[in-house]
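File shown here: run33.cif, holding mmCIF, C-alpha atoms.
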data_start
#
loop_
_atom_site.group_PDB
_atom_site.id
_atom_site.type_symbol
_atom_site.label_atom_id
_atom_site.label_comp_id
_atom_site.auth_asym_id
_atom_site.auth_seq_id
_atom_site.Cartn_x
_atom_site.Cartn_y
_atom_site.Cartn_z
ATOM 1 C CA MET A 287 166.269 46.871 -74.840
ATOM 2 C CA GLU A 288 169.043 45.139 -76.769
ATOM 3 C CA SER A 289 171.391 43.649 -74.194
ATOM 4 C CA LYS A 290 174.929 42.829 -75.145
ATOM 5 C CA GLN A 291 175.984 41.980 -78.675
ATOM 6 C CA ILE A 292 176.671 38.304 -79.390
ATOM 7 C CA PHE A 293 179.883 37.426 -81.258
ATOM 8 C CA TRP A 294 180.729 34.538 -83.553
ATOM 9 C CA GLU A 295 183.224 33.272 -80.969
ATOM 10 C CA ASP A 296 180.441 33.054 -78.343
ATOM 11 C CA VAL A 297 178.567 30.224 -80.066
ATOM 12 C CA GLU A 298 179.263 26.586 -80.920
ATOM 13 C CA VAL A 299 177.341 23.973 -82.866
ATOM 14 C CA GLY A 300 174.432 22.882 -80.656
ATOM 15 C CA TYR A 301 174.067 26.310 -79.010
ATOM 16 C CA GLU A 302 170.379 27.067 -78.419
ATOM 17 C CA LEU A 303 168.858 30.484 -79.026
ATOM 18 C CA PRO A 304 166.713 32.014 -76.275
ATOM 19 C CA THR A 305 163.138 30.852 -76.928
ATOM 20 C CA LEU A 306 160.626 33.450 -78.119
ATOM 21 C CA GLU A 307 157.099 32.874 -76.812
ATOM 22 C CA LYS A 308 154.034 33.890 -78.829
ATOM 23 C CA ILE A 309 150.267 33.690 -78.416
ATOM 24 C CA ALA A 310 148.311 33.871 -81.662
ATOM 25 C CA HIS A 311 144.813 35.278 -81.244
ATOM 26 C CA SER A 312 142.213 36.743 -83.559
ATOM 27 C CA LEU A 313 143.123 40.352 -82.632
ATOM 28 C CA MET A 314 146.744 39.706 -83.589
ATOM 29 C CA LEU A 315 145.639 38.224 -86.921
ATOM 30 C CA VAL A 316 143.552 41.319 -87.692
ATOM 31 C CA LYS A 317 146.504 43.578 -86.898
ATOM 32 C CA TRP A 318 148.765 41.418 -89.032
ATOM 33 C CA ALA A 319 146.343 41.516 -91.956
ATOM 34 C CA GLY A 320 146.317 45.306 -91.845
ATOM 35 C CA ALA A 321 150.052 45.722 -91.409
ATOM 36 C CA SER A 322 151.105 43.089 -93.940
ATOM 37 C CA GLY A 323 148.412 43.577 -96.559
ATOM 38 C CA ASP A 324 147.310 39.929 -96.480
ATOM 39 C CA PHE A 325 143.509 40.179 -96.458
ATOM 40 C CA ASN A 326 142.763 36.548 -97.292
ATOM 41 C CA PRO A 327 139.448 35.771 -95.485
ATOM 42 C CA HIS A 328 140.868 32.357 -94.600
ATOM 43 C CA HIS A 329 142.303 34.126 -91.530
ATOM 44 C CA TYR A 330 139.142 35.812 -90.209
ATOM 45 C CA GLU A 331 136.038 34.258 -91.817
ATOM 46 C CA ASP A 332 135.029 30.901 -90.346
ATOM 47 C CA ALA A 333 132.702 29.803 -93.160
ATOM 48 C CA PHE A 334 135.310 30.530 -95.829
ATOM 49 C CA ALA A 335 137.980 28.762 -93.759
ATOM 50 C CA GLN A 336 135.684 25.694 -93.586
ATOM 51 C CA SER A 337 135.412 25.720 -97.384
ATOM 52 C CA GLN A 338 139.195 25.709 -97.583
ATOM 53 C CA GLY A 339 139.354 22.464 -95.637
ATOM 54 C CA THR A 340 141.240 23.678 -92.558
ATOM 55 C CA GLY A 341 138.362 23.347 -90.105
ATOM 56 C CA GLY A 342 138.474 27.003 -89.062
ATOM 57 C CA THR A 343 140.478 30.192 -89.381
ATOM 58 C CA ILE A 344 144.233 29.655 -89.272
ATOM 59 C CA VAL A 345 147.285 31.721 -88.360
ATOM 60 C CA HIS A 346 148.911 33.385 -91.397
ATOM 61 C CA GLY A 347 152.018 31.527 -92.517
ATOM 62 C CA LEU A 348 153.666 34.896 -93.026
ATOM 63 C CA LEU A 349 152.966 35.874 -89.400
ATOM 64 C CA LYS A 350 154.770 32.732 -88.235
ATOM 65 C CA HIS A 351 157.595 33.568 -90.653
ATOM 66 C CA ALA A 352 157.805 37.027 -89.047
ATOM 67 C CA TRP A 353 157.967 35.431 -85.558
ATOM 68 C CA LEU A 354 160.905 33.289 -86.675
ATOM 69 C CA ILE A 355 162.660 36.300 -88.164
ATOM 70 C CA GLN A 356 162.150 38.113 -84.830
ATOM 71 C CA LEU A 357 163.636 35.113 -82.985
ATOM 72 C CA VAL A 358 166.795 35.317 -85.091
ATOM 73 C CA THR A 359 167.204 39.114 -85.323
ATOM 74 C CA ASN A 360 166.655 39.566 -81.547
ATOM 75 C CA TRP A 361 169.393 37.076 -80.931
ATOM 76 C CA MET A 362 171.921 38.251 -83.540
ATOM 77 C CA GLY A 363 171.741 41.862 -82.298
ATOM 78 C CA ASP A 364 172.255 45.121 -84.148
ATOM 79 C CA GLU A 365 175.634 44.043 -85.538
ATOM 80 C CA GLY A 366 174.386 40.753 -86.977
ATOM 81 C CA PHE A 367 173.098 40.374 -90.543
ATOM 82 C CA MET A 368 170.600 37.804 -91.735
ATOM 83 C CA LYS A 369 171.876 36.404 -95.014
ATOM 84 C CA LYS A 370 169.425 33.608 -95.687
ATOM 85 C CA PHE A 371 166.095 32.529 -94.286
ATOM 86 C CA SER A 372 163.649 29.802 -95.179
ATOM 87 C CA CYS A 373 160.551 28.328 -93.552
ATOM 88 C CA GLN A 374 157.827 25.894 -94.522
ATOM 89 C CA TYR A 375 154.245 25.885 -93.252
ATOM 90 C CA ARG A 376 153.753 22.170 -92.537
ATOM 91 C CA GLY A 377 150.997 22.298 -89.940
ATOM 92 C CA MET A 378 148.009 24.526 -89.284
ATOM 93 C CA ASP A 379 147.910 26.754 -86.247
ATOM 94 C CA TYR A 380 144.589 27.959 -84.863
ATOM 95 C CA PRO A 381 144.377 31.371 -83.166
ATOM 96 C CA ARG A 382 142.784 31.824 -79.749
ATOM 97 C CA LYS A 383 139.515 33.776 -79.753
ATOM 98 C CA MET A 384 139.195 37.019 -77.800
ATOM 99 C CA GLN A 385 137.259 37.102 -74.505
ATOM 100 C CA THR A 386 137.646 40.847 -73.827
ATOM 101 C CA MET A 387 138.773 43.828 -75.917
ATOM 102 C CA ASN A 388 142.416 42.903 -75.315
ATOM 103 C CA GLU A 389 142.589 39.464 -73.742
ATOM 104 C CA PRO A 390 142.335 36.132 -75.535
ATOM 105 C CA VAL A 391 140.759 33.073 -73.944
ATOM 106 C CA ASP A 392 143.099 30.612 -72.233
ATOM 107 C CA GLY A 393 144.799 28.163 -74.529
ATOM 108 C CA GLU A 394 147.793 27.390 -76.600
ATOM 109 C CA ILE A 395 151.218 29.059 -76.352
ATOM 110 C CA TRP A 396 153.664 28.858 -79.252
ATOM 111 C CA GLN A 397 157.431 28.630 -78.796
ATOM 112 C CA CYS A 398 159.858 29.851 -81.450
ATOM 113 C CA VAL A 399 163.062 27.876 -81.029
ATOM 114 C CA GLY A 400 166.430 27.735 -82.735
ATOM 115 C CA LYS A 401 169.866 26.154 -82.512
ATOM 116 C CA VAL A 402 173.212 26.471 -84.246
ATOM 117 C CA THR A 403 173.890 23.652 -86.714
ATOM 118 C CA ASN A 404 177.073 24.935 -88.382
ATOM 119 C CA LYS A 405 179.729 27.586 -87.799
ATOM 120 C CA TYR A 406 182.237 28.662 -90.470
ATOM 121 C CA THR A 407 183.884 31.542 -92.273
ATOM 122 C CA ASP A 408 182.971 32.490 -95.833
ATOM 123 C CA GLY A 409 185.661 34.877 -97.042
ATOM 124 C CA GLU A 410 185.606 37.689 -94.493
ATOM 125 C CA ALA A 411 182.168 36.748 -93.144
ATOM 126 C CA HIS A 412 181.762 34.841 -89.885
ATOM 127 C CA CYS A 413 178.660 32.745 -90.437
ATOM 128 C CA VAL A 414 176.425 30.434 -88.459
ATOM 129 C CA ASP A 415 173.648 28.233 -89.789
ATOM 130 C CA LEU A 416 170.544 27.822 -87.670
ATOM 131 C CA GLU A 417 167.723 25.335 -87.477
ATOM 132 C CA ILE A 418 164.593 27.153 -86.358
ATOM 133 C CA GLY A 419 160.919 26.400 -85.869
ATOM 134 C CA VAL A 420 157.557 27.334 -84.433
ATOM 135 C CA VAL A 421 156.400 24.695 -81.928
ATOM 136 C CA ASN A 422 152.699 24.529 -81.011
ATOM 137 C CA GLY A 423 151.137 23.767 -77.618
ATOM 138 C CA LYS A 424 151.277 20.014 -78.310
ATOM 139 C CA GLY A 425 155.012 20.144 -78.946
ATOM 140 C CA GLU A 426 154.680 19.747 -82.720
ATOM 141 C CA THR A 427 156.877 21.829 -85.039
ATOM 142 C CA THR A 428 154.308 23.311 -87.399
ATOM 143 C CA THR A 429 156.747 25.667 -89.118
ATOM 144 C CA PRO A 430 160.306 24.377 -89.508
ATOM 145 C CA GLY A 431 162.985 26.522 -91.080
ATOM 146 C CA THR A 432 166.643 27.422 -91.447
ATOM 147 C CA ALA A 433 168.629 30.632 -91.429
ATOM 148 C CA THR A 434 172.191 31.792 -92.064
ATOM 149 C CA VAL A 435 173.464 34.750 -90.061
ATOM 150 C CA ILE A 436 176.699 36.746 -90.219
ATOM 151 C CA LEU A 437 177.881 37.642 -86.719
ATOM 152 C CA PRO A 438 180.560 40.133 -85.727
ATOM 153 C CA SER A 439 183.905 38.574 -84.781
ATOM 154 C CA LYS A 440 186.052 39.547 -81.811
ATOM 155 C CA GLY A 441 189.060 39.159 -84.069
ATOM 156 C CA ALA A 442 187.756 41.526 -86.726
ATOM 157 C CA MET B 89 149.953 16.281 -114.312
ATOM 158 C CA VAL B 90 149.934 20.093 -114.506
ATOM 159 C CA PRO B 91 147.058 21.333 -116.713
ATOM 160 C CA ASN B 92 148.262 23.287 -119.756
ATOM 161 C CA GLU B 93 146.374 26.436 -118.782
ATOM 162 C CA LEU B 94 148.467 26.526 -115.569
ATOM 163 C CA LYS B 95 151.730 25.554 -117.290
ATOM 164 C CA ALA B 96 151.287 28.604 -119.513
ATOM 165 C CA TYR B 97 152.164 30.825 -116.535
ATOM 166 C CA ILE B 98 155.640 29.354 -116.008
ATOM 167 C CA GLY B 99 158.203 32.060 -116.625
ATOM 168 C CA LYS B 100 155.631 34.833 -116.704
ATOM 169 C CA ILE B 101 157.326 38.073 -115.718
ATOM 170 C CA ASP B 102 155.290 40.953 -114.370
ATOM 171 C CA PRO B 103 156.224 44.593 -114.851
ATOM 172 C CA PRO B 104 158.265 45.847 -111.888
ATOM 173 C CA HIS B 105 156.358 47.788 -109.273
ATOM 174 C CA VAL B 106 157.616 50.493 -106.962
ATOM 175 C CA ARG B 107 157.248 50.328 -103.183
ATOM 176 C CA GLU B 108 158.056 53.171 -100.861
ATOM 177 C CA VAL B 109 159.223 51.911 -97.490
ATOM 178 C CA GLU B 110 157.509 54.278 -95.083
ATOM 179 C CA ARG B 111 158.601 54.628 -91.467
ATOM 180 C CA GLY B 112 155.038 54.302 -90.187
ATOM 181 C CA ALA B 113 154.476 51.135 -92.212
ATOM 182 C CA ILE B 114 157.617 49.593 -90.671
ATOM 183 C CA ARG B 115 156.402 50.484 -87.200
ATOM 184 C CA ARG B 116 152.933 49.026 -87.782
ATOM 185 C CA TYR B 117 154.462 45.856 -89.219
ATOM 186 C CA ALA B 118 156.815 45.391 -86.242
ATOM 187 C CA ASP B 119 153.949 46.126 -83.836
ATOM 188 C CA ALA B 120 151.706 43.544 -85.508
ATOM 189 C CA VAL B 121 154.421 40.902 -85.057
ATOM 190 C CA GLY B 122 154.979 41.941 -81.450
ATOM 191 C CA ASN B 123 158.564 42.913 -82.263
ATOM 192 C CA ASP B 124 159.773 45.734 -80.012
ATOM 193 C CA ASN B 125 163.300 46.114 -81.405
ATOM 194 C CA PRO B 126 164.013 49.890 -81.314
ATOM 195 C CA LEU B 127 165.814 49.699 -84.679
ATOM 196 C CA TYR B 128 162.320 49.580 -86.209
ATOM 197 C CA TYR B 129 160.775 52.644 -84.533
ATOM 198 C CA ASP B 130 163.137 54.631 -82.267
ATOM 199 C CA ILE B 131 164.774 57.294 -84.451
ATOM 200 C CA GLU B 132 167.313 58.327 -81.841
ATOM 201 C CA TYR B 133 168.378 54.754 -81.161
ATOM 202 C CA ALA B 134 168.469 53.841 -84.837
ATOM 203 C CA SER B 135 170.466 56.925 -85.825
ATOM 204 C CA GLU B 136 173.220 55.834 -83.459
ATOM 205 C CA SER B 137 173.245 52.285 -84.845
ATOM 206 C CA LYS B 138 175.466 51.254 -87.737
ATOM 207 C CA TYR B 139 172.491 51.777 -90.071
ATOM 208 C CA GLY B 140 172.186 55.462 -89.184
ATOM 209 C CA THR B 141 168.406 55.329 -89.503
ATOM 210 C CA ILE B 142 165.300 53.193 -88.958
ATOM 211 C CA ILE B 143 165.465 49.890 -90.824
ATOM 212 C CA ALA B 144 162.779 47.358 -91.712
ATOM 213 C CA PRO B 145 162.782 43.845 -90.238
ATOM 214 C CA PRO B 146 164.099 41.331 -92.791
ATOM 215 C CA GLY B 147 161.162 40.219 -94.928
ATOM 216 C CA PHE B 148 159.408 43.599 -94.938
ATOM 217 C CA PHE B 149 159.788 45.389 -98.246
ATOM 218 C CA GLY B 150 157.152 48.049 -97.810
ATOM 219 C CA TRP B 151 153.462 47.305 -97.787
ATOM 220 C CA SER B 152 152.425 44.661 -98.619
ATOM 221 C CA SER B 153 154.505 41.797 -97.314
ATOM 222 C CA ALA B 154 153.123 39.141 -99.649
ATOM 223 C CA THR B 155 155.623 38.511 -102.401
ATOM 224 C CA VAL B 156 153.519 39.536 -105.347
ATOM 225 C CA PRO B 157 150.146 40.594 -103.984
ATOM 226 C CA SER B 158 148.767 42.353 -106.996
ATOM 227 C CA SER B 159 150.814 41.131 -109.909
ATOM 228 C CA GLU B 160 149.065 39.825 -112.995
ATOM 229 C CA GLY B 161 151.066 36.603 -112.796
ATOM 230 C CA ILE B 162 149.980 35.603 -109.308
ATOM 231 C CA ILE B 163 146.370 36.739 -109.659
ATOM 232 C CA GLY B 164 146.060 35.181 -113.100
ATOM 233 C CA LEU B 165 147.573 31.914 -111.944
ATOM 234 C CA MET B 166 145.453 31.823 -108.762
ATOM 235 C CA THR B 167 142.317 32.405 -110.816
ATOM 236 C CA ALA B 168 143.338 29.680 -113.265
ATOM 237 C CA LEU B 169 144.008 27.321 -110.329
ATOM 238 C CA ILE B 170 140.531 27.900 -108.921
ATOM 239 C CA ASN B 171 138.957 27.462 -112.387
ATOM 240 C CA ALA B 172 140.825 24.171 -112.755
ATOM 241 C CA GLY B 173 139.220 22.954 -109.493
ATOM 242 C CA TYR B 174 142.133 23.600 -107.142
ATOM 243 C CA TYR B 175 140.185 26.073 -105.032
ATOM 244 C CA ARG B 176 141.819 25.297 -101.695
ATOM 245 C CA ILE B 177 144.954 27.388 -101.741
ATOM 246 C CA LEU B 178 147.509 27.469 -98.939
ATOM 247 C CA ASP B 179 150.794 29.258 -98.412
ATOM 248 C CA GLY B 180 153.585 26.671 -98.469
ATOM 249 C CA GLY B 181 156.606 28.651 -97.358
ATOM 250 C CA MET B 182 159.084 31.428 -97.969
ATOM 251 C CA THR B 183 162.786 31.539 -98.776
ATOM 252 C CA TYR B 184 164.966 34.654 -98.823
ATOM 253 C CA GLU B 185 168.443 35.702 -99.708
ATOM 254 C CA PHE B 186 169.295 39.084 -98.219
ATOM 255 C CA PHE B 187 172.035 41.306 -99.595
ATOM 256 C CA LEU B 188 171.412 44.768 -98.113
ATOM 257 C CA PRO B 189 169.302 46.188 -95.290
ATOM 258 C CA VAL B 190 166.066 47.997 -96.144
ATOM 259 C CA ARG B 191 166.018 51.517 -94.678
ATOM 260 C CA ALA B 192 163.037 53.746 -93.963
ATOM 261 C CA GLY B 193 162.674 56.064 -96.928
ATOM 262 C CA ASP B 194 164.031 53.556 -99.444
ATOM 263 C CA THR B 195 162.175 53.133 -102.704
ATOM 264 C CA LEU B 196 162.260 49.506 -103.754
ATOM 265 C CA ILE B 197 161.591 48.112 -107.175
ATOM 266 C CA ALA B 198 159.993 44.669 -106.952
ATOM 267 C CA SER B 199 160.199 42.392 -110.000
ATOM 268 C CA PRO B 200 157.988 39.318 -109.649
ATOM 269 C CA LYS B 201 157.903 36.262 -111.828
ATOM 270 C CA VAL B 202 156.283 32.846 -111.851
ATOM 271 C CA LYS B 203 159.287 30.590 -111.373
ATOM 272 C CA ASP B 204 157.618 27.210 -111.636
ATOM 273 C CA VAL B 205 154.344 25.321 -111.531
ATOM 274 C CA SER B 206 154.573 21.637 -110.685
ATOM 275 C CA ALA B 207 152.367 18.840 -109.389
ATOM 276 C CA LYS B 208 152.763 16.365 -106.568
ATOM 277 C CA GLU B 209 150.651 13.425 -105.440
ATOM 278 C CA GLY B 210 149.583 14.180 -101.858
ATOM 279 C CA LYS B 211 147.468 12.383 -99.255
ATOM 280 C CA SER B 212 144.340 14.122 -100.504
ATOM 281 C CA GLY B 213 145.038 13.899 -104.238
ATOM 282 C CA ILE B 214 147.060 16.031 -106.608
ATOM 283 C CA MET B 215 148.617 19.224 -105.284
ATOM 284 C CA ILE B 216 149.691 21.998 -107.626
ATOM 285 C CA ILE B 217 152.797 23.779 -106.354
ATOM 286 C CA CYS B 218 153.320 27.356 -107.584
ATOM 287 C CA GLU B 219 156.623 29.124 -106.972
ATOM 288 C CA PHE B 220 156.952 32.876 -107.271
ATOM 289 C CA GLU B 221 160.269 34.684 -107.200
ATOM 290 C CA THR B 222 160.618 38.399 -106.553
ATOM 291 C CA THR B 223 163.825 40.405 -106.693
ATOM 292 C CA TYR B 224 164.040 43.741 -104.915
ATOM 293 C CA LEU B 225 166.363 46.542 -106.017
ATOM 294 C CA ASN B 226 166.731 49.816 -104.132
ATOM 295 C CA GLN B 227 166.764 53.363 -105.518
ATOM 296 C CA ASN B 228 170.509 53.017 -106.229
ATOM 297 C CA GLY B 229 169.908 49.967 -108.380
ATOM 298 C CA ASP B 230 171.539 47.663 -105.811
ATOM 299 C CA LEU B 231 170.150 44.168 -105.223
ATOM 300 C CA VAL B 232 168.512 44.133 -101.780
ATOM 301 C CA ALA B 233 166.901 40.702 -101.606
ATOM 302 C CA ARG B 234 165.476 37.783 -103.495
ATOM 303 C CA ALA B 235 162.310 36.119 -102.191
ATOM 304 C CA SER B 236 160.674 32.846 -103.224
ATOM 305 C CA GLN B 237 157.164 32.068 -102.081
ATOM 306 C CA THR B 238 155.370 28.768 -102.559
ATOM 307 C CA LEU B 239 151.595 28.519 -102.853
ATOM 308 C CA ILE B 240 149.872 25.146 -102.963
ATOM 309 C CA GLY B 241 146.516 24.498 -104.637
ATOM 310 C CA ARG B 242 144.503 21.387 -103.786
#
Give the structure from the file, written as structure tokens.
Amino acid sequence: MESKQIFWEDVEVGYELPTLEKIAHSLMLVKWAGASGDFNPHHYEDAFAQSQGTGGTIVHGLLKHAWLIQLVTNWMGDEGFMKKFSCQYRGMDYPRKMQTMNEPVDGEIWQCVGKVTNKYTDGEAHCVDLEIGVVNGKGETTTPGTATVILPSKGA
Amino acid sequence: MVPNELKAYIGKIDPPHVREVERGAIRRYADAVGNDNPLYYDIEYASESKYGTIIAPPGFFGWSSATVPSSEGIIGLMTALINAGYYRILDGGMTYEFFLPVRAGDTLIASPKVKDVSAKEGKSGIMIICEFETTYLNQNGDLVARASQTLIGR
């Protein structure tokens, strides 16, 4: 599935990563709870979510963090190494409900986006800094973040 | 602005706990994210990669993914937050520094501590900001990663 490896020389400041599309739905949140060990009822129990002041169940921040990590690792390829990562959960995201066993109702699509903000060498390492984020269906960045990645160099 | 019973947790260090990074747990984690990178489940593919084996996606350190899910520090502080009236608790964000990849079969030693508890005046009143830092060493004693998670009580 991995296509060709990207090299440090292939990117410049302003380069945009291929967008990763995601649809959050209640089935995905259940799977995430089980796989991650985050069983906070805020993500599956409407009444409890109401008491927490978010108006309904919300997407796990850590699931959105995992989407952003996927965005970056898909792009950097097997030879890349993620050195730093940071994200902040600024806005709530609300999962779609399920209408069948497997299919959610129509609704919002989330886009994970990223671009190169800096490119430099640090000793032997060929680094790029990225600005990343999860953008909701209204175009709002609910989960902004940054990452630093070491890419392979054609010269190395 | 931070109540004393919450301040008391600053610097609290929990005993390290051991996490085995199982191949099946990595696969289930990647599947739950919708991440189909073969490095996380295809043994043949992964064995020919530079890692020589299945690795975990960055941010997965063996079940569970939450920084300090069962440590006395986080549970104690969360309970104290609720008792102090800050019962609406939200995850604020995560920051990592990565030093080494995590391989299937690794045994990680996670050392969590309460890094800071501070207060901030928000739109809806005072917010208590709790920062937890966890360092992960592998079975060779090498530093794998450092994670900082922020939880906000309102």
Worksheet item: Written as an NGL selection string, what is the full residue list that the PyMOL selection byres ((chain B) within 8 of (chain A)) yields on the file shown?
Response: :B and (113 or 116-117 or 120-121 or 123 or 125-127 or 137-138 or 145-147 or 151-154 or 175-177 or 179-187)
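Checking B:Asp124, B:Asp194, B:Asp204, B:Asp102 one by one against Ile163 of chain B, counting all atoms listed in the file, you find the shortest gap at B:Asp102.
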Fill in: 10 Å contact set for Tyr97 of chain B, all atoms listed in the file, chain neighbours under 4 positions out, as a PyMOL selection string
chain B and resi 92-93+101+161-162+164-165+168+201-205+218
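Once the PyMOL selection byres ((chain B and resi 195) around 10) is applied to the shown structure, the selection contains Val106, Arg107, Glu108, Val109, Glu110, Phe149, Gly150, Val190, Arg191, Ala192, Gly193, Asp194, Leu196, Ile197, Ala198, Tyr224, Leu225, Asn226, Gln227 and Asn228 of chain B.
Closest approach to Pro104 of chain B among B:Ser206, B:Ile216, B:Thr222, B:Ser236: B:Thr222, based on only C-alpha atoms.
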Item to complete: Starting from the point (184.3, 39.8, -82.2), work out which residues of protein, DNA or RNA have an atom no more than 9 Å away when counting all atoms listed in the file; state them as a VMD selection string.
Response: chain A and resid 292 to 296 437 to 442
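Selection result for the displayed file, with the PyMOL selection byres ((chain A and resi 416) around 8) as criterion, is Gly400, Lys401, Val402, Thr403, Asn404, Val414, Asp415, Glu417, Ile418, Thr432, Ala433, Thr434 and Val435 of chain A.
Distance-wise, atom CA of Ala411 of chain A and atom CA of Ser199 of chain B end up 28.3 Å apart.
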Discussion item. As an exercise, work out the distance from atom CA of Asn388 of chain A to atom CA of Ala118 of chain B in Å and give it to one decimal place.
Written reply: 18.2 Å
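From atom CA of Gly122 of chain B back to atom CA of Leu306 of chain A, the distance works out to 10.7 Å.
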Worksheet item: Any idea what's packed within 8 Å of Tyr128 of chain B, counting all atoms listed in the file, ignoring anything in its chain fewer than 5 positions away? Could you give it as a ChimeraX atom specification?
Response: /B:114-115,118,134,142-145
